[in-house]
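Raw contents of entry.txt, compact mmCIF, C-alpha atoms (C1' of nucleotides):
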# COMPACT_ATOMS: atom_id res chain seq x y z
CA MET A 1 77.52 -82.16 148.28
CA ILE A 2 79.73 -82.45 151.29
CA ASN A 3 83.08 -83.95 151.98
CA ILE A 4 85.66 -81.50 150.68
CA HIS A 5 89.21 -82.80 150.55
CA GLN A 6 92.45 -80.98 150.25
CA ASN A 7 94.53 -84.12 150.41
CA GLY A 8 97.12 -84.59 147.71
CA ASN A 9 97.86 -82.18 144.91
CA CYS A 10 97.60 -82.08 141.15
CA LEU A 11 101.25 -82.93 140.69
CA GLU A 12 100.88 -86.28 142.42
CA CYS A 13 97.34 -87.03 141.22
CA ASP A 14 97.21 -90.26 139.23
CA LYS A 15 93.61 -89.71 138.10
CA LYS A 16 94.35 -86.79 135.83
CA CYS A 17 92.51 -86.62 132.53
CA SER A 18 94.84 -86.65 129.55
CA ALA A 19 95.00 -82.89 128.98
CA PHE A 20 96.33 -82.30 132.47
CA LYS A 21 99.10 -84.79 131.85
CA ARG A 22 100.52 -82.25 129.39
CA LEU A 23 101.01 -79.63 132.07
CA LEU A 24 104.39 -78.72 133.53
CA SER A 25 105.02 -79.12 137.24
CA GLU A 26 104.70 -75.43 137.91
CA GLU A 27 101.44 -75.31 135.98
CA LEU A 28 100.08 -78.22 137.99
CA ASN A 29 101.00 -76.40 141.15
CA TYR A 30 99.23 -73.35 139.78
CA ILE A 31 95.99 -75.19 138.96
CA ASN A 32 96.17 -76.90 142.31
CA GLN A 33 95.36 -73.56 143.94
CA TYR A 34 92.15 -73.19 141.97
CA ARG A 35 90.49 -76.54 142.48
CA PHE A 36 88.15 -78.17 144.95
CA HIS A 37 88.01 -81.92 145.24
CA ILE A 38 84.56 -83.27 146.01
CA THR A 39 82.58 -86.50 145.99
CA TYR A 40 79.10 -86.50 144.52
CA LYS A 41 76.55 -89.10 145.46
CA LYS A 42 74.62 -90.98 142.82
CA GLY A 43 71.93 -88.75 141.40
CA GLU A 44 73.45 -85.44 142.48
CA VAL A 45 73.58 -82.58 140.00
CA ILE A 46 77.14 -81.36 139.42
CA PHE A 47 76.11 -78.34 137.42
CA LYS A 48 72.85 -77.22 135.91
CA GLN A 49 71.92 -76.01 132.45
CA ASN A 50 71.26 -72.27 132.15
CA THR A 51 73.35 -71.30 135.16
CA PRO A 52 76.63 -69.33 135.03
CA ALA A 53 79.54 -71.47 133.86
CA SER A 54 82.15 -70.58 136.43
CA ASN A 55 84.04 -73.88 136.57
CA VAL A 56 85.24 -76.83 134.56
CA ILE A 57 84.95 -80.30 136.08
CA SER A 58 87.68 -82.89 136.11
CA ILE A 59 86.02 -86.21 136.86
CA SER A 60 88.55 -88.63 138.29
CA ARG A 61 86.22 -91.55 139.03
CA GLY A 62 82.61 -92.51 138.37
CA VAL A 63 80.03 -92.23 135.60
CA ALA A 64 77.99 -89.15 134.77
CA LYS A 65 75.48 -87.99 132.17
CA THR A 66 75.00 -84.72 130.33
CA THR A 67 71.38 -83.84 129.62
CA PHE A 68 69.75 -81.15 127.56
CA GLU A 69 66.46 -80.07 129.10
CA ASP A 70 63.59 -77.94 127.89
CA LYS A 71 61.29 -75.92 130.12
CA PHE A 72 59.00 -78.88 130.63
CA ASN A 73 60.03 -82.45 131.08
CA LYS A 74 61.53 -83.46 127.79
CA ASN A 75 65.11 -84.46 128.46
CA LEU A 76 67.70 -85.66 126.02
CA ILE A 77 70.78 -87.36 127.38
CA LEU A 78 73.56 -85.95 125.21
CA SER A 79 76.38 -88.18 126.40
CA LEU A 80 77.63 -90.54 129.04
CA ILE A 81 80.97 -89.80 130.63
CA LYS A 82 83.36 -91.98 132.52
CA GLY A 83 86.23 -90.67 134.58
CA PRO A 84 88.97 -89.72 134.16
CA SER A 85 87.48 -87.07 131.91
CA LEU A 86 87.48 -83.32 131.68
CA VAL A 87 84.02 -81.78 131.31
CA VAL A 88 84.08 -78.28 129.88
CA GLY A 89 80.85 -76.55 128.98
CA PRO A 90 81.12 -74.96 125.53
CA GLY A 91 79.55 -71.87 127.04
CA ILE A 92 82.82 -70.83 128.66
CA TYR A 93 83.96 -69.49 125.28
CA VAL A 94 80.53 -68.28 124.19
CA ASP A 95 78.21 -66.81 126.81
CA ASN A 96 79.48 -68.11 130.14
CA ILE A 97 76.41 -70.28 130.65
CA TYR A 98 76.19 -74.06 131.03
CA HIS A 99 74.26 -75.50 128.09
CA PHE A 100 73.62 -78.88 129.62
CA THR A 101 73.17 -80.38 133.05
CA LEU A 102 75.84 -82.70 134.41
CA THR A 103 74.59 -85.36 136.82
CA ALA A 104 76.35 -88.15 138.68
CA LEU A 105 75.04 -91.62 137.76
CA THR A 106 77.30 -93.38 140.23
CA GLU A 107 79.40 -91.94 143.00
CA VAL A 108 81.61 -89.41 141.24
CA HIS A 109 84.95 -88.09 142.43
CA ALA A 110 85.80 -84.80 140.79
CA CYS A 111 87.71 -81.58 141.01
CA ILE A 112 85.88 -78.32 140.45
CA ILE A 113 88.32 -76.04 138.69
CA ASP A 114 88.04 -72.30 138.26
CA VAL A 115 87.32 -71.47 134.63
CA LEU A 116 89.71 -68.50 134.56
CA ALA A 117 92.59 -70.69 135.71
CA PHE A 118 91.69 -73.23 133.02
CA LYS A 119 91.61 -70.55 130.31
CA LYS A 120 94.94 -69.16 131.45
CA LEU A 121 96.56 -72.56 130.94
CA ILE A 122 94.91 -72.91 127.54
CA ARG A 123 96.54 -69.62 126.51
CA GLU A 124 99.94 -70.39 127.95
CA ASN A 125 100.50 -74.06 127.13
CA SER A 126 99.75 -75.03 123.56
CA ASP A 127 100.41 -78.69 124.30
CA PHE A 128 97.64 -78.60 126.87
CA ALA A 129 95.37 -76.70 124.50
CA GLU A 130 95.97 -79.14 121.69
CA GLN A 131 95.15 -82.11 123.86
CA TYR A 132 91.96 -80.39 124.92
CA ILE A 133 91.05 -79.71 121.28
CA SER A 134 91.73 -83.34 120.54
CA GLU A 135 89.29 -84.42 123.24
CA MET A 136 86.66 -82.03 121.93
CA SER A 137 87.18 -83.45 118.46
CA VAL A 138 86.57 -87.00 119.66
CA ARG A 139 83.31 -85.80 121.17
CA ALA A 140 82.35 -84.01 117.97
CA ILE A 141 82.83 -87.19 115.97
CA ARG A 142 80.74 -89.13 118.46
CA ASN A 143 78.05 -86.51 118.16
CA TYR A 144 77.84 -87.10 114.41
CA GLN A 145 77.22 -90.76 115.07
CA ARG A 146 74.63 -89.99 117.69
CA THR A 147 72.79 -87.50 115.52
CA PHE A 148 72.70 -90.10 112.77
CA CYS A 149 71.49 -92.75 115.20
CA LEU A 150 68.67 -90.62 116.55
CA THR A 151 67.51 -89.37 113.16
CA HIS A 152 67.89 -92.45 110.96
CA LYS A 153 67.75 -95.56 113.12
CA GLN A 154 64.66 -97.08 114.60
CA MET A 155 63.96 -98.62 117.97
CA HIS A 156 66.08 -101.76 117.84
CA GLY A 157 69.09 -100.01 116.35
CA ARG A 158 68.93 -97.20 118.87
CA VAL A 159 68.76 -99.50 121.86
CA ALA A 160 71.57 -101.60 120.39
CA ASP A 161 73.67 -98.45 120.03
CA ALA A 162 73.00 -97.52 123.64
CA LEU A 163 74.05 -100.94 124.90
CA LEU A 164 77.14 -100.99 122.70
CA ASN A 165 78.18 -97.56 123.86
CA LEU A 166 77.84 -98.56 127.50
CA SER A 167 79.73 -101.77 126.89
CA GLN A 168 82.50 -100.42 124.68
CA ASN A 169 83.01 -96.80 125.70
CA ILE A 170 82.04 -96.78 129.36
CA PHE A 171 82.66 -100.19 130.90
CA ASN A 172 84.99 -101.87 128.39
CA ALA A 173 83.27 -105.19 129.04
CA PRO A 174 80.35 -107.18 127.62
CA GLU A 175 78.85 -107.36 131.11
CA PHE A 176 78.09 -104.32 133.22
CA GLU A 177 75.75 -102.87 135.79
CA MET A 178 73.22 -100.67 134.01
CA PRO A 179 73.67 -97.15 135.40
CA LEU A 180 70.56 -95.82 133.64
CA THR A 181 66.91 -96.33 134.54
CA ARG A 182 64.50 -97.29 131.76
CA GLN A 183 63.33 -93.70 131.74
CA GLU A 184 66.91 -92.52 131.23
CA LEU A 185 67.53 -95.12 128.54
CA GLY A 186 64.51 -93.59 126.83
CA GLU A 187 66.01 -90.13 127.17
CA TYR A 188 69.27 -91.44 125.75
CA THR A 189 67.69 -93.15 122.75
CA GLY A 190 64.82 -90.78 122.08
CA LEU A 191 62.27 -93.50 122.80
CA THR A 192 59.64 -93.95 125.49
CA LYS A 193 60.54 -96.05 128.50
CA GLU A 194 57.87 -98.56 127.45
CA SER A 195 59.52 -99.07 124.08
CA VAL A 196 62.92 -99.50 125.72
CA SER A 197 61.46 -102.05 128.08
CA ARG A 198 59.88 -104.00 125.27
CA ILE A 199 63.04 -104.01 123.13
CA LEU A 200 65.15 -105.21 126.04
CA THR A 201 62.90 -108.17 126.77
CA LYS A 202 62.88 -108.98 123.08
CA PHE A 203 66.68 -108.88 123.04
CA ARG A 204 66.65 -111.23 126.01
CA ASP A 205 64.16 -113.61 124.42
CA ASP A 206 66.31 -113.65 121.31
CA GLN A 207 69.37 -114.61 123.40
CA LEU A 208 71.12 -111.36 122.52
CA ILE A 209 71.51 -110.26 126.09
CA GLN A 210 71.15 -111.62 129.58
CA MET A 211 69.54 -109.60 132.33
CA ASP A 212 70.03 -110.36 135.98
CA GLY A 213 68.56 -107.57 137.99
CA ASN A 214 70.60 -104.54 137.09
CA ILE A 215 73.37 -106.54 135.45
CA ILE A 216 73.28 -106.74 131.69
CA GLU A 217 75.49 -108.95 129.59
CA ILE A 218 75.71 -108.79 125.83
CA LEU A 219 75.78 -112.45 124.80
CA ASN A 220 75.96 -112.01 121.05
CA MET A 221 78.15 -109.03 120.27
CA ASP A 222 78.21 -109.67 116.52
CA LYS A 223 74.44 -109.73 116.24
CA MET A 224 74.16 -106.63 118.42
CA ILE A 225 76.54 -104.80 116.09
CA THR A 226 74.55 -105.99 113.08
CA ILE A 227 71.34 -104.64 114.59
CA SER A 228 73.07 -101.36 115.29
CA GLU A 229 74.32 -101.12 111.72
CA ASN A 230 71.02 -102.07 110.14
CA GLY A 231 69.14 -99.51 112.21
C1' DC B 1 56.95 -97.98 113.27
C1' DC B 2 56.33 -96.30 117.58
C1' DA B 3 53.81 -93.21 121.19
C1' DT B 4 50.11 -93.25 124.32
C1' DT B 5 47.25 -95.05 127.64
C1' DA B 6 46.09 -98.00 131.15
C1' DA B 7 46.49 -101.80 134.14
C1' DT B 8 49.49 -104.75 136.70
C1' DT B 9 53.61 -106.13 139.03
C1' DA B 10 58.15 -105.29 141.16
C1' DT B 11 61.29 -102.57 143.85
C1' DC B 12 62.73 -98.84 146.74
C1' DG B 13 62.92 -96.09 150.85
C1' DC C 1 53.30 -99.56 153.48
C1' DG C 2 53.08 -95.90 150.14
C1' DA C 3 55.70 -94.17 146.31
C1' DT C 4 58.19 -94.91 142.32
C1' DA C 5 59.94 -97.85 138.55
C1' DA C 6 59.32 -101.53 135.30
C1' DT C 7 56.57 -104.58 132.53
C1' DT C 8 52.92 -105.90 129.53
C1' DA C 9 49.03 -105.38 126.44
C1' DA C 10 45.79 -102.86 123.69
C1' DT C 11 44.96 -99.01 120.56
C1' DG C 12 45.67 -95.61 117.09
C1' DG C 13 48.21 -91.91 114.53

Now that the file is in, can you turn its structure into structure tokens?
Amino acid sequence: MINIHQNGNCLECDKKCSAFKRLLSEELNYINQYRFHITYKKGEVIFKQNTPASNVISISRGVAKTTFEDKFNKNLILSLIKGPSLVVGPGIYVDNIYHFTLTALTEVHACIIDVLAFKKLIRENSDFAEQYISEMSVRAIRNYQRTFCLTHKQMHGRVADALLNLSQNIFNAPEFEMPLTRQELGEYTGLTKESVSRILTKFRDDQLIQMDGNIIEILNMDKMITISENG
DNA sequence: CCATTAATTATCG
DNA sequence: CGATAATTAATGG
């Protein structure tokens, strides 16, 4: 974690997440005083579960994951995030602790923003607050789908969901470079890495996907969606 | 249906 | 080259 910039300011920033677009010029100048821009390398932890939640993170570029970890080695990837996106730990309004770990999957450009400055803007600008609530709501709805996926679907459906989410919500393309290892795909789908591996080669043999090294292309989107829906 | 185990192969640093 | 990741196959809850 090196490479601290002070170049530019929030007013001119064109990588703002949508909530910040609701801020007035003077509010942007205010928040500008309480932020650090930083570049994380692939694999670096941005913040860690069970540590004090003193900041919110505005990711301008890159892909990250949120993981819920127990004391041993059972990890669950809660969500994948693509910038621009504002990552706010729910703990800031509960117990001031981060309840998940945020990790860069690619190079991530982000601003670390003081949580007190963020809360002040929430109180003072209802437009900003509403946009933030709206973003939280989108995540809540996605969480319903994910909970359903992990509790009611079986292997093929879960892997299909993972691929569809990457394709539709993260990369907006049928072809993309897989940012997750097989282990991580397992942690995302609640399967073992061996099962993930086996399903992926079956998908390839069935002409559903093409795999070229780390590049994955969904060849038959309709069938993939059917598999997702049928569990 | 799917995890576990184990053995083998590929890839990374 | 040694370590780590991915694949494949066999077994059993």

9 Å contacts from chain C to chain A using only C-alpha atoms (C1' of nucleotides), as a list in words: DA5, DA6, DT7 and DT8 of chain C

Contact residues (chain A, partner chain B, 12 Å, only C-alpha atoms (C1' of nucleotides)) as JSON, numbers by chain: {"A": [153, 154, 155, 156, 190, 191, 192, 193, 194, 195, 196, 198, 199, 213, 214]}

Could you turn the residues from that selection into a file that holds C-alpha atoms, as a PDB file, keeping the file's coordinate frame?
ATOM      1  CA  LYS A 153      67.750 -95.560 113.120  1.00  0.00           C
ATOM      2  CA  GLN A 154      64.660 -97.080 114.600  1.00  0.00           C
ATOM      3  CA  MET A 155      63.960 -98.620 117.970  1.00  0.00           C
ATOM      4  CA  HIS A 156      66.080-101.760 117.840  1.00  0.00           C
ATOM      5  CA  GLY A 190      64.820 -90.780 122.080  1.00  0.00           C
ATOM      6  CA  LEU A 191      62.270 -93.500 122.800  1.00  0.00           C
ATOM      7  CA  THR A 192      59.640 -93.950 125.490  1.00  0.00           C
ATOM      8  CA  LYS A 193      60.540 -96.050 128.500  1.00  0.00           C
ATOM      9  CA  GLU A 194      57.870 -98.560 127.450  1.00  0.00           C
ATOM     10  CA  SER A 195      59.520 -99.070 124.080  1.00  0.00           C
ATOM     11  CA  VAL A 196      62.920 -99.500 125.720  1.00  0.00           C
ATOM     12  CA  ARG A 198      59.880-104.000 125.270  1.00  0.00           C
ATOM     13  CA  ILE A 199      63.040-104.010 123.130  1.00  0.00           C
ATOM     14  CA  GLY A 213      68.560-107.570 137.990  1.00  0.00           C
ATOM     15  CA  ASN A 214      70.600-104.540 137.090  1.00  0.00           C
TER      16      ASN A 214
END

Polymer residues at most 8 Å from Pro52 (chain A), all atoms listed in the file, same-chain spacing of 5 or more positions, as a PDB file with C-alpha atoms, in the frame of the given file:
ATOM      1  CA  ASN A  96      79.480 -68.110 130.140  1.00  0.00           C
ATOM      2  CA  ILE A  97      76.410 -70.280 130.650  1.00  0.00           C
ATOM      3  CA  TYR A  98      76.190 -74.060 131.030  1.00  0.00           C
TER       4      TYR A  98
END

Nearest residue to Asp95 (chain A) from the set A:Asn220, A:Ala53, A:Glu124, A:Arg35 (distances using all atoms listed in the file):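 Among A:Asn220, A:Ala53, A:Glu124, A:Arg35, it is A:Ala53 that comes nearest to Asp95 (chain A).
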
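Taking CA of Gly62 (chain A) and CA of Asn50 (chain A) as the two end points, the separation is 24.0 Å.
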
d(CA of Phe100 (chain A), CA of Glu69 (chain A)) in Å: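 Computing it gives 7.3 Å between the two atoms.
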
Straight-line distance linking CA of Leu78 (chain A) with CA of Leu102 (chain A), stated in Å to one decimal: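 Separating CA of Leu78 (chain A) from CA of Leu102 (chain A) is a distance of 10.0 Å.
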
Let me know the centre plus edge lengths, in Å and rounded to one decimal, of a box with edges along x, y and z that contains all listed atoms of region 3-13 of chain B and is padded by 8 Å on every side, as lines of an AutoDock Vina configuration file.
center_x = 54.5
center_y = -99.7
center_z = 136.0
size_x = 32.8
size_y = 28.9
size_z = 45.7
